$ cat input-v4.txt   # compact mmCIF, all heavy atoms
# COMPACT_ATOMS: atom_id res chain seq x y z
N MET A 1 100.91 91.91 86.89
CA MET A 1 100.97 90.80 87.83
C MET A 1 102.24 90.00 87.56
O MET A 1 102.67 89.85 86.43
CB MET A 1 99.73 89.91 87.69
CG MET A 1 99.72 88.86 88.75
SD MET A 1 98.29 87.76 88.96
CE MET A 1 97.03 88.33 87.94
N GLY A 2 102.81 89.46 88.60
CA GLY A 2 104.04 88.69 88.50
C GLY A 2 103.80 87.24 88.12
O GLY A 2 102.69 86.82 87.81
N LYS A 3 104.86 86.48 88.17
CA LYS A 3 104.78 85.05 87.87
C LYS A 3 104.01 84.32 88.97
O LYS A 3 104.05 84.72 90.14
CB LYS A 3 106.18 84.45 87.78
CG LYS A 3 106.99 84.99 86.64
CD LYS A 3 108.39 84.36 86.67
CE LYS A 3 109.24 84.95 85.58
NZ LYS A 3 110.61 84.42 85.63
N PRO A 4 103.35 83.22 88.63
CA PRO A 4 102.62 82.45 89.65
C PRO A 4 103.53 81.53 90.46
O PRO A 4 103.06 80.67 91.20
CB PRO A 4 101.61 81.65 88.83
CG PRO A 4 102.26 81.50 87.50
CD PRO A 4 103.07 82.75 87.29
N TYR A 5 104.83 81.68 90.30
CA TYR A 5 105.79 80.87 91.03
C TYR A 5 107.06 81.68 91.25
O TYR A 5 107.28 82.70 90.63
CB TYR A 5 106.13 79.59 90.25
CG TYR A 5 106.75 79.87 88.91
CD1 TYR A 5 108.11 80.04 88.78
CD2 TYR A 5 105.95 79.99 87.77
CE1 TYR A 5 108.68 80.32 87.55
CE2 TYR A 5 106.51 80.27 86.54
CZ TYR A 5 107.87 80.44 86.43
OH TYR A 5 108.43 80.72 85.22
N LYS A 6 107.90 81.17 92.14
CA LYS A 6 109.22 81.77 92.37
C LYS A 6 110.22 80.63 92.41
O LYS A 6 109.97 79.60 93.02
CB LYS A 6 109.24 82.54 93.68
CG LYS A 6 110.60 83.16 93.98
CD LYS A 6 110.52 84.17 95.07
CE LYS A 6 111.87 84.76 95.40
NZ LYS A 6 112.35 85.73 94.46
N ILE A 7 111.35 80.82 91.76
CA ILE A 7 112.43 79.84 91.77
C ILE A 7 113.48 80.30 92.76
O ILE A 7 113.93 81.45 92.71
CB ILE A 7 113.06 79.68 90.37
CG1 ILE A 7 112.01 79.30 89.32
CG2 ILE A 7 114.22 78.68 90.41
CD1 ILE A 7 111.43 77.92 89.48
N VAL A 8 113.86 79.42 93.68
CA VAL A 8 114.93 79.71 94.63
C VAL A 8 115.97 78.59 94.55
O VAL A 8 115.66 77.47 94.15
CB VAL A 8 114.42 79.87 96.08
CG1 VAL A 8 113.45 81.03 96.19
CG2 VAL A 8 113.76 78.60 96.58
N HIS A 9 117.18 78.91 94.93
CA HIS A 9 118.26 77.91 94.96
C HIS A 9 118.70 77.74 96.41
O HIS A 9 119.04 78.71 97.08
CB HIS A 9 119.45 78.38 94.11
CG HIS A 9 119.10 78.53 92.66
ND1 HIS A 9 119.11 77.49 91.79
CD2 HIS A 9 118.71 79.61 91.94
CE1 HIS A 9 118.75 77.91 90.59
NE2 HIS A 9 118.49 79.20 90.66
N ARG A 10 118.70 76.51 96.88
CA ARG A 10 119.11 76.20 98.24
C ARG A 10 120.06 74.99 98.22
O ARG A 10 119.66 73.91 97.80
CB ARG A 10 117.92 75.86 99.14
CG ARG A 10 116.93 77.00 99.33
CD ARG A 10 117.56 78.10 100.19
NE ARG A 10 116.62 79.15 100.51
CZ ARG A 10 116.47 80.28 99.83
NH1 ARG A 10 117.21 80.52 98.77
NH2 ARG A 10 115.59 81.18 100.20
N LYS A 11 121.28 75.23 98.64
CA LYS A 11 122.29 74.16 98.74
C LYS A 11 122.41 73.38 97.43
O LYS A 11 122.46 72.16 97.41
CB LYS A 11 121.96 73.22 99.90
CG LYS A 11 122.02 73.92 101.24
CD LYS A 11 121.77 72.96 102.38
CE LYS A 11 121.84 73.71 103.69
NZ LYS A 11 121.66 72.86 104.84
N GLY A 12 122.42 74.13 96.32
CA GLY A 12 122.60 73.50 95.01
C GLY A 12 121.35 72.89 94.42
O GLY A 12 121.40 72.28 93.35
N VAL A 13 120.22 73.05 95.07
CA VAL A 13 118.96 72.50 94.58
C VAL A 13 118.05 73.65 94.16
O VAL A 13 117.88 74.62 94.89
CB VAL A 13 118.26 71.65 95.67
CG1 VAL A 13 116.92 71.14 95.19
CG2 VAL A 13 119.16 70.50 96.10
N LYS A 14 117.47 73.53 92.96
CA LYS A 14 116.53 74.53 92.48
C LYS A 14 115.12 74.13 92.92
O LYS A 14 114.70 72.99 92.70
CB LYS A 14 116.60 74.64 90.97
CG LYS A 14 115.74 75.75 90.43
CD LYS A 14 116.03 76.14 88.98
CE LYS A 14 116.05 75.01 88.04
NZ LYS A 14 116.11 75.44 86.64
N ILE A 15 114.42 75.05 93.57
CA ILE A 15 113.09 74.78 94.12
C ILE A 15 112.10 75.79 93.55
O ILE A 15 112.35 76.99 93.56
CB ILE A 15 113.11 74.90 95.65
CG1 ILE A 15 114.15 73.96 96.25
CG2 ILE A 15 111.73 74.64 96.24
CD1 ILE A 15 114.46 74.22 97.70
N ALA A 16 110.97 75.29 93.06
CA ALA A 16 109.88 76.16 92.60
C ALA A 16 108.86 76.28 93.72
O ALA A 16 108.40 75.27 94.26
CB ALA A 16 109.22 75.59 91.35
N ILE A 17 108.52 77.51 94.08
CA ILE A 17 107.52 77.76 95.12
C ILE A 17 106.26 78.27 94.43
O ILE A 17 106.28 79.27 93.72
CB ILE A 17 108.03 78.79 96.14
CG1 ILE A 17 109.31 78.28 96.79
CG2 ILE A 17 106.96 79.09 97.18
CD1 ILE A 17 110.01 79.29 97.66
N LEU A 18 105.16 77.54 94.63
CA LEU A 18 103.88 77.92 94.03
C LEU A 18 102.97 78.49 95.11
O LEU A 18 102.99 78.02 96.25
CB LEU A 18 103.18 76.68 93.43
CG LEU A 18 103.95 75.88 92.41
CD1 LEU A 18 103.16 74.65 92.01
CD2 LEU A 18 104.27 76.72 91.20
N GLY A 19 102.17 79.46 94.74
CA GLY A 19 101.17 79.99 95.66
C GLY A 19 99.81 79.38 95.34
O GLY A 19 99.21 79.70 94.32
N LEU A 20 99.36 78.48 96.18
CA LEU A 20 98.09 77.78 95.95
C LEU A 20 97.14 78.03 97.11
O LEU A 20 97.57 78.31 98.22
CB LEU A 20 98.32 76.27 95.81
CG LEU A 20 99.24 75.82 94.69
CD1 LEU A 20 99.54 74.34 94.81
CD2 LEU A 20 98.63 76.14 93.34
N THR A 21 95.86 77.91 96.85
CA THR A 21 94.85 78.05 97.89
C THR A 21 93.74 77.05 97.62
O THR A 21 93.70 76.42 96.56
CB THR A 21 94.31 79.49 97.95
OG1 THR A 21 93.47 79.61 99.09
CG2 THR A 21 93.51 79.84 96.72
N THR A 22 92.85 76.90 98.55
CA THR A 22 91.76 75.95 98.39
C THR A 22 90.71 76.47 97.39
O THR A 22 90.50 77.68 97.28
CB THR A 22 91.08 75.66 99.75
OG1 THR A 22 89.97 74.79 99.53
CG2 THR A 22 90.58 76.92 100.41
N ALA A 23 90.09 75.56 96.69
CA ALA A 23 89.03 75.92 95.75
C ALA A 23 87.71 76.19 96.47
O ALA A 23 86.73 76.58 95.85
CB ALA A 23 88.85 74.81 94.72
N TYR A 24 87.67 75.99 97.79
CA TYR A 24 86.43 76.13 98.55
C TYR A 24 86.19 77.52 99.10
O TYR A 24 85.16 77.77 99.73
CB TYR A 24 86.40 75.10 99.69
CG TYR A 24 86.28 73.70 99.18
CD1 TYR A 24 87.39 72.87 99.12
CD2 TYR A 24 85.07 73.22 98.73
CE1 TYR A 24 87.30 71.59 98.63
CE2 TYR A 24 84.95 71.93 98.23
CZ TYR A 24 86.06 71.13 98.19
OH TYR A 24 85.96 69.86 97.69
N ILE A 25 87.10 78.45 98.88
CA ILE A 25 86.91 79.82 99.38
C ILE A 25 85.56 80.40 98.97
O ILE A 25 84.88 81.02 99.78
CB ILE A 25 88.08 80.73 98.98
CG1 ILE A 25 89.33 80.30 99.76
CG2 ILE A 25 87.76 82.19 99.22
CD1 ILE A 25 90.59 81.02 99.37
N PRO A 26 85.09 80.20 97.73
CA PRO A 26 83.78 80.75 97.36
C PRO A 26 82.62 80.21 98.19
O PRO A 26 81.54 80.80 98.22
CB PRO A 26 83.62 80.35 95.90
CG PRO A 26 85.02 80.20 95.40
CD PRO A 26 85.78 79.63 96.58
N HIS A 27 82.82 79.10 98.91
CA HIS A 27 81.75 78.53 99.74
C HIS A 27 81.57 79.28 101.05
O HIS A 27 80.52 79.20 101.67
CB HIS A 27 82.02 77.05 100.03
CG HIS A 27 82.00 76.20 98.81
ND1 HIS A 27 80.84 75.74 98.23
CD2 HIS A 27 83.02 75.76 98.02
CE1 HIS A 27 81.13 75.03 97.16
NE2 HIS A 27 82.46 75.04 97.01
N TRP A 28 82.61 79.98 101.52
CA TRP A 28 82.46 80.67 102.80
C TRP A 28 82.70 82.19 102.70
O TRP A 28 82.31 82.91 103.61
CB TRP A 28 83.36 80.08 103.88
CG TRP A 28 84.84 80.30 103.69
CD1 TRP A 28 85.51 81.47 103.84
CD2 TRP A 28 85.82 79.34 103.34
NE1 TRP A 28 86.85 81.30 103.60
CE2 TRP A 28 87.07 79.99 103.29
CE3 TRP A 28 85.77 77.98 103.05
CZ2 TRP A 28 88.23 79.33 102.96
CZ3 TRP A 28 86.94 77.33 102.74
CH2 TRP A 28 88.16 78.00 102.71
N GLU A 29 83.31 82.64 101.64
CA GLU A 29 83.61 84.07 101.53
C GLU A 29 82.49 84.80 100.80
O GLU A 29 81.86 84.26 99.90
CB GLU A 29 84.93 84.26 100.78
CG GLU A 29 85.44 85.67 100.74
CD GLU A 29 85.68 86.25 102.11
OE1 GLU A 29 86.41 85.63 102.90
OE2 GLU A 29 85.13 87.32 102.39
N GLN A 30 82.25 86.04 101.21
CA GLN A 30 81.23 86.85 100.54
C GLN A 30 81.67 87.11 99.10
O GLN A 30 82.82 87.45 98.84
CB GLN A 30 81.05 88.18 101.25
CG GLN A 30 80.45 88.06 102.63
CD GLN A 30 80.29 89.44 103.27
OE1 GLN A 30 80.36 90.48 102.62
NE2 GLN A 30 80.08 89.43 104.57
N GLN A 31 80.73 86.96 98.18
CA GLN A 31 81.04 87.14 96.76
C GLN A 31 81.58 88.54 96.46
O GLN A 31 82.42 88.70 95.58
CB GLN A 31 79.79 86.86 95.91
CG GLN A 31 79.43 85.39 95.84
CD GLN A 31 80.53 84.57 95.22
OE1 GLN A 31 81.06 84.91 94.15
NE2 GLN A 31 80.91 83.48 95.88
N SER A 32 81.15 89.53 97.21
CA SER A 32 81.64 90.89 96.96
C SER A 32 83.14 91.03 97.26
O SER A 32 83.80 91.89 96.72
CB SER A 32 80.85 91.90 97.80
OG SER A 32 81.01 91.63 99.19
N ASN A 33 83.67 90.16 98.11
CA ASN A 33 85.09 90.19 98.45
C ASN A 33 85.98 89.47 97.43
O ASN A 33 87.19 89.67 97.43
CB ASN A 33 85.33 89.58 99.83
CG ASN A 33 84.73 90.40 100.94
OD1 ASN A 33 84.53 91.60 100.81
ND2 ASN A 33 84.43 89.76 102.04
N ILE A 34 85.38 88.61 96.62
CA ILE A 34 86.17 87.80 95.69
C ILE A 34 85.69 87.94 94.24
O ILE A 34 86.01 87.10 93.40
CB ILE A 34 86.18 86.32 96.13
CG1 ILE A 34 84.77 85.77 96.22
CG2 ILE A 34 86.95 86.14 97.41
CD1 ILE A 34 84.69 84.28 96.49
N ALA A 35 84.96 89.00 93.96
CA ALA A 35 84.44 89.21 92.61
C ALA A 35 85.58 89.23 91.60
O ALA A 35 86.60 89.89 91.81
CB ALA A 35 83.66 90.51 92.55
N GLY A 36 85.43 88.47 90.53
CA GLY A 36 86.43 88.45 89.47
C GLY A 36 87.61 87.52 89.71
O GLY A 36 88.50 87.44 88.88
N ILE A 37 87.63 86.83 90.85
CA ILE A 37 88.73 85.90 91.16
C ILE A 37 88.28 84.48 90.85
O ILE A 37 87.20 84.06 91.25
CB ILE A 37 89.16 86.01 92.63
CG1 ILE A 37 89.63 87.43 92.94
CG2 ILE A 37 90.25 84.99 92.95
CD1 ILE A 37 89.92 87.67 94.41
N LEU A 38 89.11 83.75 90.15
CA LEU A 38 88.82 82.37 89.79
C LEU A 38 89.57 81.44 90.73
O LEU A 38 90.77 81.60 90.93
CB LEU A 38 89.25 82.11 88.34
CG LEU A 38 89.04 80.72 87.79
CD1 LEU A 38 87.55 80.38 87.75
CD2 LEU A 38 89.63 80.63 86.40
N PHE A 39 88.88 80.48 91.33
CA PHE A 39 89.48 79.52 92.24
C PHE A 39 89.47 78.14 91.58
O PHE A 39 88.44 77.51 91.46
CB PHE A 39 88.73 79.47 93.58
CG PHE A 39 88.85 80.74 94.35
CD1 PHE A 39 87.93 81.76 94.19
CD2 PHE A 39 89.90 80.94 95.23
CE1 PHE A 39 88.05 82.95 94.89
CE2 PHE A 39 90.03 82.12 95.94
CZ PHE A 39 89.10 83.13 95.76
N ASN A 40 90.64 77.70 91.14
CA ASN A 40 90.77 76.40 90.49
C ASN A 40 91.17 75.35 91.51
O ASN A 40 91.62 75.66 92.61
CB ASN A 40 91.82 76.47 89.39
CG ASN A 40 91.40 77.37 88.26
OD1 ASN A 40 90.27 77.29 87.80
ND2 ASN A 40 92.29 78.22 87.81
N GLU A 41 91.06 74.09 91.12
CA GLU A 41 91.44 72.96 91.96
C GLU A 41 92.97 72.97 92.08
O GLU A 41 93.67 72.92 91.08
CB GLU A 41 90.92 71.68 91.33
CG GLU A 41 90.82 70.49 92.27
CD GLU A 41 92.17 69.86 92.52
OE1 GLU A 41 92.93 69.67 91.56
OE2 GLU A 41 92.47 69.58 93.68
N PRO A 42 93.52 73.08 93.31
CA PRO A 42 94.95 73.31 93.49
C PRO A 42 95.86 72.18 92.99
O PRO A 42 96.96 72.46 92.50
CB PRO A 42 95.12 73.54 94.99
CG PRO A 42 93.89 73.00 95.62
CD PRO A 42 92.81 73.09 94.58
N VAL A 43 95.45 70.94 93.09
CA VAL A 43 96.31 69.84 92.63
C VAL A 43 96.47 69.90 91.12
O VAL A 43 97.58 69.76 90.59
CB VAL A 43 95.77 68.47 93.08
CG1 VAL A 43 96.56 67.33 92.46
CG2 VAL A 43 95.78 68.37 94.60
N ALA A 44 95.39 70.17 90.40
CA ALA A 44 95.45 70.28 88.94
C ALA A 44 96.34 71.46 88.53
O ALA A 44 97.12 71.36 87.59
CB ALA A 44 94.05 70.44 88.36
N VAL A 45 96.22 72.57 89.25
CA VAL A 45 97.04 73.75 88.95
C VAL A 45 98.51 73.43 89.20
O VAL A 45 99.38 73.77 88.39
CB VAL A 45 96.59 74.96 89.78
CG1 VAL A 45 97.56 76.11 89.63
CG2 VAL A 45 95.19 75.39 89.38
N ALA A 46 98.82 72.77 90.30
CA ALA A 46 100.21 72.42 90.62
C ALA A 46 100.80 71.51 89.55
O ALA A 46 101.95 71.69 89.12
CB ALA A 46 100.29 71.76 91.99
N LYS A 47 100.03 70.54 89.09
CA LYS A 47 100.52 69.65 88.03
C LYS A 47 100.78 70.42 86.74
O LYS A 47 101.79 70.21 86.08
CB LYS A 47 99.52 68.53 87.78
CG LYS A 47 99.50 67.50 88.87
CD LYS A 47 98.49 66.41 88.57
CE LYS A 47 98.47 65.38 89.68
NZ LYS A 47 97.47 64.32 89.43
N LYS A 48 99.88 71.34 86.41
CA LYS A 48 100.04 72.14 85.20
C LYS A 48 101.26 73.05 85.31
O LYS A 48 102.04 73.17 84.38
CB LYS A 48 98.78 72.97 84.97
CG LYS A 48 98.82 73.81 83.73
CD LYS A 48 97.51 74.57 83.55
CE LYS A 48 97.58 75.48 82.35
NZ LYS A 48 96.34 76.25 82.18
N MET A 49 101.43 73.68 86.46
CA MET A 49 102.57 74.58 86.65
C MET A 49 103.89 73.81 86.65
O MET A 49 104.91 74.35 86.26
CB MET A 49 102.43 75.37 87.95
CG MET A 49 101.33 76.41 87.92
SD MET A 49 101.43 77.54 86.51
CE MET A 49 103.05 78.23 86.72
N GLY A 50 103.86 72.57 87.09
CA GLY A 50 105.07 71.75 87.08
C GLY A 50 105.62 71.56 85.68
O GLY A 50 106.82 71.37 85.49
N THR A 51 104.76 71.64 84.69
CA THR A 51 105.21 71.50 83.29
C THR A 51 105.60 72.84 82.70
O THR A 51 106.18 72.89 81.63
CB THR A 51 104.12 70.86 82.42
OG1 THR A 51 102.99 71.73 82.36
CG2 THR A 51 103.71 69.51 82.95
N LYS A 52 105.29 73.96 83.38
CA LYS A 52 105.54 75.29 82.82
C LYS A 52 106.71 76.02 83.47
O LYS A 52 107.17 77.01 82.96
CB LYS A 52 104.29 76.16 82.94
CG LYS A 52 103.17 75.64 82.07
CD LYS A 52 102.01 76.59 82.07
CE LYS A 52 100.95 76.05 81.17
NZ LYS A 52 100.33 77.04 80.35
N THR A 53 107.17 75.56 84.62
CA THR A 53 108.28 76.24 85.27
C THR A 53 109.58 75.89 84.55
O THR A 53 109.74 74.78 84.05
CB THR A 53 108.40 75.85 86.76
OG1 THR A 53 108.46 74.43 86.86
CG2 THR A 53 107.21 76.36 87.55
N PRO A 54 110.51 76.81 84.48
CA PRO A 54 111.77 76.54 83.78
C PRO A 54 112.57 75.43 84.47
O PRO A 54 112.64 75.37 85.68
CB PRO A 54 112.52 77.87 83.87
CG PRO A 54 111.76 78.76 84.75
CD PRO A 54 110.45 78.14 85.05
N ARG A 55 113.16 74.56 83.68
CA ARG A 55 113.90 73.43 84.23
C ARG A 55 115.41 73.60 84.09
O ARG A 55 116.16 72.75 84.50
CB ARG A 55 113.45 72.15 83.56
CG ARG A 55 111.99 71.88 83.82
CD ARG A 55 111.64 70.45 83.53
NE ARG A 55 110.23 70.25 83.75
CZ ARG A 55 109.71 69.78 84.88
NH1 ARG A 55 110.49 69.48 85.88
NH2 ARG A 55 108.41 69.62 85.01
N THR A 56 115.83 74.68 83.49
CA THR A 56 117.27 74.93 83.34
C THR A 56 117.62 76.27 83.95
O THR A 56 116.75 77.11 84.14
CB THR A 56 117.69 74.92 81.87
OG1 THR A 56 116.99 75.96 81.18
CG2 THR A 56 117.39 73.59 81.20
N GLY A 57 118.86 76.48 84.27
CA GLY A 57 119.26 77.79 84.75
C GLY A 57 119.85 77.83 86.08
O GLY A 57 119.97 77.25 86.98
$ encode --input "input-v4.txt" --output "structure tokens"
Amino acid sequence: MGKPYKIVHRKGVKIAILGLTTAYIPHWEQQSNIAGILFNEPVAVAKKMGTKTPRTG
């Protein structure tokens, strides 16, 4: 599996792109379709990833 983010450079600005989804998917999706997938609260994940993405380069 790849990184949970992608770094792009646009007009001299470094931008981190995160792939987030709603934590409510398990409320409407069949469990057989999402077995083994963990759905965390997206704001908490974004805050955590903000501290883990590279800041130099």
$ atom_distance --input "input-v4.txt" --atom1 "atom O of A:Val45" --atom2 "atom O of A:Ala23"
15.0 Å
$ select_by_dssp --input "input-v4.txt" --residues "chain A" --states "strand (DSSP E)" --output "PyMOL selection string"
chain A and resi 5-10+13-18
$ select_by_dssp --input "input-v4.txt" --residues "chain A" --states "helix (DSSP H, G or I)" --output "ChimeraX atom specification"
/A:25-28,31-33,42-50
$ residues_near_point --input "input-v4.txt" --point "(109.4, 76.2, 89.5)" --cutoff "6 Å" --atoms "all heavy atoms" --output "PyMOL selection string"
chain A and resi 5-7+15-18+49+53-54
$ write_last_selection --input "input-v4.txt" --atoms "all heavy atoms" --output "compact mmCIF listing (two decimals), in the frame of the given file"
# COMPACT_ATOMS: atom_id res chain seq x y z
N TYR A 5 104.83 81.68 90.30
CA TYR A 5 105.79 80.87 91.03
C TYR A 5 107.06 81.68 91.25
O TYR A 5 107.28 82.70 90.63
CB TYR A 5 106.13 79.59 90.25
CG TYR A 5 106.75 79.87 88.91
CD1 TYR A 5 108.11 80.04 88.78
CD2 TYR A 5 105.95 79.99 87.77
CE1 TYR A 5 108.68 80.32 87.55
CE2 TYR A 5 106.51 80.27 86.54
CZ TYR A 5 107.87 80.44 86.43
OH TYR A 5 108.43 80.72 85.22
N LYS A 6 107.90 81.17 92.14
CA LYS A 6 109.22 81.77 92.37
C LYS A 6 110.22 80.63 92.41
O LYS A 6 109.97 79.60 93.02
CB LYS A 6 109.24 82.54 93.68
CG LYS A 6 110.60 83.16 93.98
CD LYS A 6 110.52 84.17 95.07
CE LYS A 6 111.87 84.76 95.40
NZ LYS A 6 112.35 85.73 94.46
N ILE A 7 111.35 80.82 91.76
CA ILE A 7 112.43 79.84 91.77
C ILE A 7 113.48 80.30 92.76
O ILE A 7 113.93 81.45 92.71
CB ILE A 7 113.06 79.68 90.37
CG1 ILE A 7 112.01 79.30 89.32
CG2 ILE A 7 114.22 78.68 90.41
CD1 ILE A 7 111.43 77.92 89.48
N ILE A 15 114.42 75.05 93.57
CA ILE A 15 113.09 74.78 94.12
C ILE A 15 112.10 75.79 93.55
O ILE A 15 112.35 76.99 93.56
CB ILE A 15 113.11 74.90 95.65
CG1 ILE A 15 114.15 73.96 96.25
CG2 ILE A 15 111.73 74.64 96.24
CD1 ILE A 15 114.46 74.22 97.70
N ALA A 16 110.97 75.29 93.06
CA ALA A 16 109.88 76.16 92.60
C ALA A 16 108.86 76.28 93.72
O ALA A 16 108.40 75.27 94.26
CB ALA A 16 109.22 75.59 91.35
N ILE A 17 108.52 77.51 94.08
CA ILE A 17 107.52 77.76 95.12
C ILE A 17 106.26 78.27 94.43
O ILE A 17 106.28 79.27 93.72
CB ILE A 17 108.03 78.79 96.14
CG1 ILE A 17 109.31 78.28 96.79
CG2 ILE A 17 106.96 79.09 97.18
CD1 ILE A 17 110.01 79.29 97.66
N LEU A 18 105.16 77.54 94.63
CA LEU A 18 103.88 77.92 94.03
C LEU A 18 102.97 78.49 95.11
O LEU A 18 102.99 78.02 96.25
CB LEU A 18 103.18 76.68 93.43
CG LEU A 18 103.95 75.88 92.41
CD1 LEU A 18 103.16 74.65 92.01
CD2 LEU A 18 104.27 76.72 91.20
N MET A 49 101.43 73.68 86.46
CA MET A 49 102.57 74.58 86.65
C MET A 49 103.89 73.81 86.65
O MET A 49 104.91 74.35 86.26
CB MET A 49 102.43 75.37 87.95
CG MET A 49 101.33 76.41 87.92
SD MET A 49 101.43 77.54 86.51
CE MET A 49 103.05 78.23 86.72
N THR A 53 107.17 75.56 84.62
CA THR A 53 108.28 76.24 85.27
C THR A 53 109.58 75.89 84.55
O THR A 53 109.74 74.78 84.05
CB THR A 53 108.40 75.85 86.76
OG1 THR A 53 108.46 74.43 86.86
CG2 THR A 53 107.21 76.36 87.55
N PRO A 54 110.51 76.81 84.48
CA PRO A 54 111.77 76.54 83.78
C PRO A 54 112.57 75.43 84.47
O PRO A 54 112.64 75.37 85.68
CB PRO A 54 112.52 77.87 83.87
CG PRO A 54 111.76 78.76 84.75
CD PRO A 54 110.45 78.14 85.05
$ atom_distance --input "input-v4.txt" --atom1 "atom CA of A:Ala44" --atom2 "atom CA of A:Pro4"
14.1 Å
$ atom_distance --input "input-v4.txt" --atom1 "atom C of A:Gly50" --atom2 "atom CG of A:His27"
27.4 Å
